[in-house]
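Student: Got structure09.txt for you, compact mmCIF, C-alpha atoms:
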```txt
# COMPACT_ATOMS: atom_id res chain seq x y z
CA MET V 29 -16.09 9.00 1.77
CA VAL V 30 -14.49 5.67 2.64
CA ARG V 31 -16.98 3.07 3.84
CA SER V 32 -16.16 0.05 5.99
CA ALA V 33 -18.31 -2.95 6.86
CA THR V 34 -21.89 -1.85 7.60
CA THR V 35 -24.00 -5.00 7.90
CA PRO V 36 -23.71 -7.98 10.27
CA HIS V 37 -23.43 -10.29 7.26
CA GLU V 38 -20.17 -8.75 6.09
CA LEU V 39 -16.83 -10.06 7.27
CA PRO V 40 -14.97 -7.92 9.81
CA VAL V 41 -12.46 -5.51 8.31
CA ARG V 42 -8.93 -5.82 9.68
CA ASP V 43 -6.73 -2.74 9.96
CA ALA V 44 -3.49 -2.95 7.98
CA ALA V 45 -0.55 -0.86 6.81
CA SER V 46 1.62 -0.86 3.70
CA VAL V 47 4.79 1.07 2.91
CA VAL V 48 5.75 2.42 -0.50
CA LEU V 49 9.52 2.39 -0.02
CA VAL V 50 11.26 4.56 -2.61
CA ARG V 51 14.72 5.61 -3.72
CA ASP V 52 16.33 7.47 -6.62
CA GLY V 53 17.56 5.17 -9.37
CA CYS V 54 19.17 5.65 -12.74
CA ARG V 55 15.74 5.09 -14.32
CA GLY V 56 13.92 7.51 -12.01
CA ILE V 57 12.10 6.88 -8.75
CA GLU V 58 12.14 3.20 -7.86
CA ALA V 59 9.86 1.40 -5.40
CA PHE V 60 10.66 -1.82 -3.57
CA MET V 61 8.06 -4.49 -4.32
CA LEU V 62 7.46 -8.13 -3.47
CA THR V 63 5.59 -10.81 -5.39
CA ARG V 64 3.50 -12.82 -2.96
CA ALA V 65 3.61 -16.61 -2.92
CA PRO V 66 0.83 -18.30 -4.91
CA THR V 67 -0.18 -20.23 -1.79
CA MET V 68 -1.14 -17.13 0.22
CA ALA V 69 -4.78 -16.82 1.30
CA PHE V 70 -4.97 -13.16 0.28
CA SER V 71 -3.59 -11.49 -2.86
CA ALA V 72 -1.84 -14.70 -3.88
CA GLY V 73 0.70 -14.13 -6.66
CA ALA V 74 0.20 -10.36 -6.69
CA THR V 75 3.09 -7.90 -6.69
CA VAL V 76 2.70 -5.62 -3.68
CA PHE V 77 4.50 -3.30 -1.27
CA PRO V 78 5.74 -4.44 2.15
CA GLY V 79 2.93 -4.48 4.68
CA GLY V 80 0.48 -6.46 6.74
CA GLY V 81 -2.16 -6.41 9.43
CA VAL V 82 -2.11 -4.35 12.61
CA GLU V 83 -1.49 -6.71 15.53
CA ASP V 84 -2.54 -6.52 19.18
CA ALA V 85 1.08 -5.85 20.10
CA ASP V 86 1.06 -2.77 17.85
CA ARG V 87 -2.07 -1.46 19.60
CA LEU V 88 -0.60 -2.08 23.04
CA LEU V 89 2.62 -0.31 22.12
CA ALA V 90 0.62 2.58 20.68
CA GLN V 91 -1.29 2.93 23.96
CA GLN V 92 1.96 2.93 25.92
CA HIS V 93 3.60 5.53 23.68
CA GLY V 94 1.08 8.32 23.35
CA SER V 95 3.88 10.74 22.53
CA ILE V 96 4.38 9.28 19.06
CA THR V 97 3.89 12.18 16.67
CA LEU V 98 1.51 11.54 13.81
CA PRO V 99 2.77 12.69 10.40
CA PRO V 100 0.94 15.56 8.67
CA GLY V 101 -2.02 14.28 6.68
CA THR V 102 -2.68 11.31 8.97
CA GLU V 103 -5.99 12.88 9.97
CA ALA V 104 -7.29 11.67 6.59
CA PHE V 105 -6.96 8.14 7.97
CA GLY V 106 -9.39 8.58 10.85
CA THR V 107 -9.75 10.16 14.29
CA ASP V 108 -8.62 7.28 16.54
CA ASP V 109 -5.09 8.39 17.48
CA VAL V 110 -4.27 5.08 19.16
CA LEU V 111 -5.22 3.18 16.00
CA LEU V 112 -3.26 5.58 13.83
CA ARG V 113 -0.15 5.18 16.00
CA ALA V 114 -0.64 1.40 15.92
CA THR V 115 -0.89 1.54 12.13
CA LEU V 116 2.39 3.46 11.92
CA LEU V 117 4.05 0.92 14.20
CA ALA V 118 2.66 -1.92 12.08
CA ALA V 119 4.05 -0.25 8.95
CA VAL V 120 7.50 -0.08 10.54
CA ARG V 121 7.34 -3.63 11.89
CA GLU V 122 6.12 -5.19 8.64
CA THR V 123 8.79 -3.37 6.61
CA ALA V 124 11.48 -4.73 8.92
CA GLU V 125 10.02 -8.25 8.87
CA GLU V 126 9.50 -8.47 5.12
CA CYS V 127 12.56 -6.72 3.72
CA GLY V 128 14.86 -5.99 6.67
CA VAL V 129 14.61 -2.19 6.44
CA ARG V 130 14.44 -0.27 9.72
CA LEU V 131 12.19 2.78 9.70
CA SER V 132 11.76 3.04 13.48
CA SER V 133 13.85 6.21 13.77
CA ALA V 134 11.77 8.01 11.17
CA LEU V 135 8.12 7.52 12.13
CA GLU V 136 7.27 11.15 11.46
CA SER V 137 8.77 10.87 7.98
CA LEU V 138 6.22 8.26 6.90
CA ARG V 139 3.83 10.17 4.68
CA PRO V 140 0.19 9.11 4.32
CA LEU V 141 -0.66 8.28 0.70
CA SER V 142 -4.13 6.74 0.64
CA ARG V 143 -6.60 4.45 2.36
CA TRP V 144 -8.21 1.42 0.74
CA ILE V 145 -10.84 -0.99 2.08
CA THR V 146 -11.33 -4.45 0.56
CA PRO V 147 -14.85 -4.70 -0.92
CA ALA V 148 -17.40 -7.04 0.64
CA GLY V 149 -17.47 -10.53 -0.81
CA TYR V 150 -13.77 -11.33 -0.42
CA PRO V 151 -12.70 -14.08 2.04
CA ARG V 152 -10.52 -11.55 3.87
CA ARG V 153 -11.01 -7.80 4.17
CA TYR V 154 -8.54 -5.09 5.14
CA ASP V 155 -8.67 -1.38 5.86
CA THR V 156 -5.19 -0.55 4.59
CA ARG V 157 -3.40 2.75 5.11
CA PHE V 158 -0.57 3.30 2.62
CA PHE V 159 2.48 5.31 3.65
CA LEU V 160 5.37 6.69 1.62
CA ALA V 161 8.91 6.28 2.99
CA THR V 162 12.30 7.12 1.53
CA LEU V 163 14.89 4.37 1.92
CA PRO V 164 17.03 5.39 4.95
CA ALA V 165 20.76 5.78 4.38
CA GLY V 166 22.65 2.56 4.98
CA GLU V 167 19.59 0.33 4.62
CA HIS V 168 19.46 -2.36 1.93
CA PRO V 169 16.15 -4.21 1.49
CA VAL V 170 16.18 -7.93 0.75
CA LEU V 171 13.56 -10.64 0.40
CA ASP V 172 13.15 -11.62 4.04
CA THR V 173 9.77 -13.36 4.20
CA THR V 174 8.35 -16.73 3.19
CA GLU V 175 5.15 -14.96 2.15
CA ALA V 176 6.85 -13.74 -1.05
CA VAL V 177 8.77 -15.51 -3.81
CA SER V 178 10.68 -12.56 -5.26
CA ALA V 179 11.43 -8.92 -4.57
CA GLY V 180 13.25 -5.99 -6.09
CA TRP V 181 13.24 -2.36 -7.16
CA THR V 182 11.14 -1.12 -10.05
CA THR V 183 9.92 2.15 -11.50
CA ALA V 184 6.20 2.71 -11.91
CA GLU V 185 6.57 2.59 -15.70
CA GLU V 186 8.39 -0.76 -15.57
CA ALA V 187 5.76 -2.19 -13.26
CA PHE V 188 2.96 -1.02 -15.56
CA LEU V 189 4.68 -2.61 -18.57
CA SER V 190 5.19 -5.90 -16.72
CA PHE V 191 1.51 -5.80 -15.74
CA CYS V 192 0.38 -5.24 -19.33
CA GLU V 193 2.60 -8.08 -20.55
CA GLY V 194 1.22 -10.52 -17.97
CA ARG V 195 4.49 -10.91 -16.06
CA ILE V 196 3.16 -9.50 -12.78
CA PHE V 197 -0.29 -8.79 -11.39
CA LEU V 198 -1.13 -5.43 -9.77
CA MET V 199 -4.24 -4.96 -7.65
CA PRO V 200 -5.94 -1.55 -7.83
CA PRO V 201 -4.51 -0.29 -4.49
CA THR V 202 -0.96 -1.18 -5.51
CA TRP V 203 -1.35 0.26 -9.00
CA SER V 204 -2.77 3.46 -7.55
CA GLN V 205 0.27 4.11 -5.36
CA LEU V 206 2.54 3.61 -8.36
CA TYR V 207 0.35 5.96 -10.38
CA THR V 208 0.74 8.61 -7.67
CA ILE V 209 4.54 8.50 -7.69
CA SER V 210 4.84 8.11 -11.49
CA SER V 211 4.43 11.84 -12.10
CA PHE V 212 7.62 12.67 -10.17
CA THR V 213 11.17 12.34 -11.42
CA THR V 214 13.14 12.40 -8.16
CA VAL V 215 12.54 11.49 -4.53
CA GLU V 216 13.36 15.07 -3.55
CA GLU V 217 10.60 16.35 -5.81
CA LEU V 218 8.22 13.75 -4.40
CA GLU V 219 9.08 14.64 -0.82
CA SER V 220 8.67 18.36 -1.38
CA THR V 221 5.20 18.03 -2.91
CA ARG V 222 2.15 17.93 -0.67
CA ILE V 223 0.08 14.85 -1.39
CA ASP V 224 -3.47 14.82 -0.05
CA PRO V 225 -4.32 11.19 0.87
CA ARG V 226 -7.95 11.85 0.03
CA THR V 227 -7.17 12.42 -3.64
CA ALA V 228 -5.87 8.86 -4.12
CA THR V 229 -8.47 7.17 -1.90
CA PRO V 230 -11.51 5.60 -3.59
CA ALA V 231 -14.64 7.69 -3.13
CA LEU V 232 -16.62 4.61 -2.12
CA THR V 233 -15.79 1.03 -1.29
CA PRO V 234 -17.74 -1.19 -3.74
CA ALA V 235 -20.40 -3.45 -2.28
CA THR V 236 -19.13 -6.49 -4.20
CA PRO V 237 -15.91 -7.59 -5.96
CA GLU V 238 -17.74 -7.30 -9.28
CA GLU V 239 -18.21 -3.54 -8.98
CA PRO V 240 -15.34 -1.43 -10.34
CA VAL V 241 -13.34 0.66 -7.91
CA VAL V 242 -13.29 4.33 -8.88
CA PHE V 243 -10.01 6.14 -8.21
CA PRO V 244 -7.61 8.52 -10.00
CA GLY V 245 -6.31 6.77 -13.12
CA ALA V 246 -8.89 3.96 -12.86
CA GLU V 247 -9.65 3.99 -16.59
CA LEU V 248 -5.98 3.40 -17.38
CA TYR V 249 -5.78 0.68 -14.73
CA TYR V 250 -8.67 -1.28 -16.20
CA THR V 251 -7.17 -0.91 -19.68
CA GLN V 252 -3.90 -2.37 -18.42
CA ALA V 253 -5.78 -5.09 -16.52
CA ALA V 254 -7.51 -6.13 -19.74
CA ARG V 255 -4.12 -6.40 -21.45
CA TYR V 256 -2.85 -8.45 -18.49
CA LYS V 257 -5.74 -10.91 -18.86
CA ALA V 258 -5.13 -11.20 -22.60
CA SER V 259 -1.40 -11.76 -22.11
CA ALA V 260 -1.85 -14.26 -19.29
CA ARG V 261 -4.05 -16.61 -21.33
```
Hey, can you dump this file as structure tokens for me?
Tutor:
Amino acid sequence: MVRSATTPHELPVRDAASVVLVRDGCRGIEAFMLTRAPTMAFSAGATVFPGGGVEDADRLLAQQHGSITLPPGTEAFGTDDVLLRATLLAAVRETAEECGVRLSSALESLRPLSRWITPAGYPRRYDTRFFLATLPAGEHPVLDTTEAVSAGWTTAEEAFLSFCEGRIFLMPPTWSQLYTISSFTTVEELESTRIDPRTATPALTPATPEEPVVFPGAELYYTQAARYKASAR
């Protein structure tokens, strides 16, 4: 069961959304990723998916548009329908702001992947819902934000290799989404397979940054993280 902040001494947890944008490539399924600027206050220098915090404007719009249909599986993300709609709207907005891709006509096609909460002890904490989205026809993502220094398409296997060799850094939530899609060979196969968001969501949010996060593939992640640290020295 996912746990959020529970004591008055913990920092508030901000709701956020992230989109795993995928397409078919000659090397298999590719995901669009950005490497955040080293000056960012949160996840500086990490390679991530487009995304960001849910804003008041997203909540207001969600309240005004109660007819927005929630994608199947969204119930795994909570019972507050207004918040869930706001999270979907934030996912669409952030994707447009960070890489210029418009997903607004395909809200129902955003598929819930998993939910991650930043452990206590970090200077900023987020309750992030990850969604899967296929690149819409005619859309071409570009680096369109000053919060990142580079962007591009990569397969999960290429990202894992770059992580092991110290060329990029992957946080557990990001790695986990790549791990989920790595077992599929085409976007069609990925889209036709039911993915339960609960299976890729940590069973418990650690109480401190020092505690390991337990999730599917975690042992492999920590092995790759050790290789990253050795390569980055």
Student: What's the 10 Å shell around Ile96 in chain V, counting all atoms listed in the file, without same-chain residues fewer than 4 positions away, as a count of residues only?
Tutor: 12
Student: Find the residues near range 126-133 of chain V: any atom within 10 Å, counting all atoms listed in the file, skip ones fewer than 2 places away on the same chain, and give them as a PyMOL selection string.
Tutor: chain V and resi 49+60-62+77-80+116-117+119-124+135-138+161-164+166-176+179-180
Student: Quick one: distance from CA of Ser71 in chain V to CA of Ala118 in chain V in Å, one decimal?
Tutor: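 Value for the CA of Ser71 in chain V-CA of Ala118 in chain V distance: 18.8 Å.
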Student: Go ahead and find all residues with at least one atom no further than 9 Å from (6.6, -0.5, -7.0) in the file's coordinates, using only C-alpha atoms; report them as a ChimeraX atom specification.
Tutor: /V:48-50,58-62,75-77,180-184,186-187,202-203,205-206
Student: Can those selected residues be exported to a file as a compact mmCIF listing (two decimals), in the coordinates of the input so that it contains C-alpha atoms?
Tutor:
```txt
# COMPACT_ATOMS: atom_id res chain seq x y z
CA VAL V 48 5.75 2.42 -0.50
CA LEU V 49 9.52 2.39 -0.02
CA VAL V 50 11.26 4.56 -2.61
CA GLU V 58 12.14 3.20 -7.86
CA ALA V 59 9.86 1.40 -5.40
CA PHE V 60 10.66 -1.82 -3.57
CA MET V 61 8.06 -4.49 -4.32
CA LEU V 62 7.46 -8.13 -3.47
CA THR V 75 3.09 -7.90 -6.69
CA VAL V 76 2.70 -5.62 -3.68
CA PHE V 77 4.50 -3.30 -1.27
CA GLY V 180 13.25 -5.99 -6.09
CA TRP V 181 13.24 -2.36 -7.16
CA THR V 182 11.14 -1.12 -10.05
CA THR V 183 9.92 2.15 -11.50
CA ALA V 184 6.20 2.71 -11.91
CA GLU V 186 8.39 -0.76 -15.57
CA ALA V 187 5.76 -2.19 -13.26
CA THR V 202 -0.96 -1.18 -5.51
CA TRP V 203 -1.35 0.26 -9.00
CA GLN V 205 0.27 4.11 -5.36
CA LEU V 206 2.54 3.61 -8.36
```
Student: Tell me which protein, DNA and RNA residues are within 10 Å of Leu248 in chain V, counting only C-alpha atoms, leaving out same-chain ones fewer than 5 positions away, and put them as a PyMOL selection string.
Tutor: chain V and resi 207+253-254
Student: Using C-alpha atoms, can you export the residues from the last selection as a compact mmCIF listing (two decimals), keeping the file's coordinate frame?
Tutor:
```
# COMPACT_ATOMS: atom_id res chain seq x y z
CA TYR V 207 0.35 5.96 -10.38
CA ALA V 253 -5.78 -5.09 -16.52
CA ALA V 254 -7.51 -6.13 -19.74
```
Student: Check the smallest atom-to-atom distance from each of V:Ala246, V:Leu98, V:Leu218, V:Val82 to Ser204 in chain V using all atoms listed in the file, then report the winner.
Tutor: V:Ala246
Student: If you measure from CA of Arg157 in chain V to CA of Ala44 in chain V, what distance in Å do you get, rounded to one decimal?
Tutor: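 Spanning CA of Arg157 in chain V to CA of Ala44 in chain V is a straight-line distance of 6.4 Å.
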Student: Nearest to Gly194 in chain V among V:Arg255, V:Asp224, V:Asp155, V:Ser211, with distances taken over only C-alpha atoms: which residue is it?
Tutor: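 Looking at the shortest contact to Gly194 in chain V, the residue is V:Arg255.
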Student: Counting only C-alpha atoms, which residue out of V:Thr115, V:Thr233, V:Ser259, V:Thr63 sits closest to Arg153 in chain V?
Tutor: V:Thr233
Student: Since the input lacks atoms, please generate all heavy atoms for range 45-56 of chain V and provide them as a CSV table (one decimal), in the coordinates of the input.
Tutor:
```csv
chain,number,residue,atom,x,y,z
V,45,ALA,N,-1.4,-1.9,7.3
V,45,ALA,CA,-0.6,-0.9,6.8
V,45,ALA,C,0.4,-1.4,5.7
V,45,ALA,O,0.7,-2.6,5.7
V,45,ALA,CB,0.3,-0.3,8.0
V,46,SER,N,0.7,-0.5,4.8
V,46,SER,CA,1.6,-0.9,3.7
V,46,SER,C,2.5,0.3,3.4
V,46,SER,O,2.1,1.5,3.6
V,46,SER,CB,0.8,-1.2,2.4
V,46,SER,OG,1.7,-1.7,1.4
V,47,VAL,N,3.8,0.0,3.1
V,47,VAL,CA,4.8,1.1,2.9
V,47,VAL,C,5.3,1.1,1.5
V,47,VAL,O,5.8,0.1,1.0
V,47,VAL,CB,6.0,0.9,3.9
V,47,VAL,CG1,7.1,1.9,3.6
V,47,VAL,CG2,5.5,1.0,5.3
V,48,VAL,N,5.2,2.2,0.8
V,48,VAL,CA,5.8,2.4,-0.5
V,48,VAL,C,7.2,3.0,-0.3
V,48,VAL,O,7.4,4.1,0.0
V,48,VAL,CB,4.9,3.4,-1.3
V,48,VAL,CG1,5.5,3.5,-2.7
V,48,VAL,CG2,3.5,2.9,-1.4
V,49,LEU,N,8.1,2.1,-0.3
V,49,LEU,CA,9.5,2.4,0.0
V,49,LEU,C,10.2,2.8,-1.3
V,49,LEU,O,10.2,2.0,-2.3
V,49,LEU,CB,10.2,1.2,0.6
V,49,LEU,CG,11.6,1.3,1.2
V,49,LEU,CD1,11.6,2.3,2.4
V,49,LEU,CD2,12.2,0.0,1.6
V,50,VAL,N,10.7,4.0,-1.4
V,50,VAL,CA,11.3,4.6,-2.6
V,50,VAL,C,12.7,5.0,-2.5
V,50,VAL,O,13.2,5.3,-1.4
V,50,VAL,CB,10.4,5.8,-3.1
V,50,VAL,CG1,9.0,5.3,-3.5
V,50,VAL,CG2,10.4,6.9,-2.1
V,51,ARG,N,13.4,5.1,-3.6
V,51,ARG,CA,14.7,5.6,-3.7
V,51,ARG,C,14.9,6.2,-5.1
V,51,ARG,O,14.1,5.9,-6.0
V,51,ARG,CB,15.8,4.5,-3.5
V,51,ARG,CG,15.8,3.5,-4.6
V,51,ARG,CD,16.9,2.5,-4.4
V,51,ARG,NE,17.1,1.6,-5.6
V,51,ARG,CZ,17.9,0.6,-5.7
V,51,ARG,NH1,18.6,0.2,-4.7
V,51,ARG,NH2,18.0,-0.1,-6.8
V,52,ASP,N,16.0,7.0,-5.3
V,52,ASP,CA,16.3,7.5,-6.6
V,52,ASP,C,17.2,6.4,-7.3
V,52,ASP,O,18.1,5.8,-6.8
V,52,ASP,CB,17.2,8.8,-6.5
V,52,ASP,CG,16.3,10.0,-6.2
V,52,ASP,OD1,15.2,10.1,-6.8
V,52,ASP,OD2,16.7,10.8,-5.4
V,53,GLY,N,16.8,6.1,-8.6
V,53,GLY,CA,17.6,5.2,-9.4
V,53,GLY,C,18.0,5.8,-10.7
V,53,GLY,O,17.5,6.9,-11.0
V,54,CYS,N,18.7,5.1,-11.5
V,54,CYS,CA,19.2,5.6,-12.7
V,54,CYS,C,18.0,5.8,-13.7
V,54,CYS,O,18.1,6.5,-14.7
V,54,CYS,CB,20.3,4.8,-13.3
V,54,CYS,SG,19.8,3.1,-13.6
V,55,ARG,N,16.9,5.1,-13.4
V,55,ARG,CA,15.7,5.1,-14.3
V,55,ARG,C,14.6,6.0,-13.8
V,55,ARG,O,13.5,6.0,-14.3
V,55,ARG,CB,15.2,3.7,-14.5
V,55,ARG,CG,16.2,2.7,-15.0
V,55,ARG,CD,15.8,1.2,-14.7
V,55,ARG,NE,15.8,1.0,-13.3
V,55,ARG,CZ,15.5,-0.2,-12.7
V,55,ARG,NH1,15.1,-1.2,-13.5
V,55,ARG,NH2,15.4,-0.4,-11.4
V,56,GLY,N,14.9,6.7,-12.7
V,56,GLY,CA,13.9,7.5,-12.0
V,56,GLY,C,13.6,7.0,-10.6
V,56,GLY,O,14.4,6.2,-10.1
```
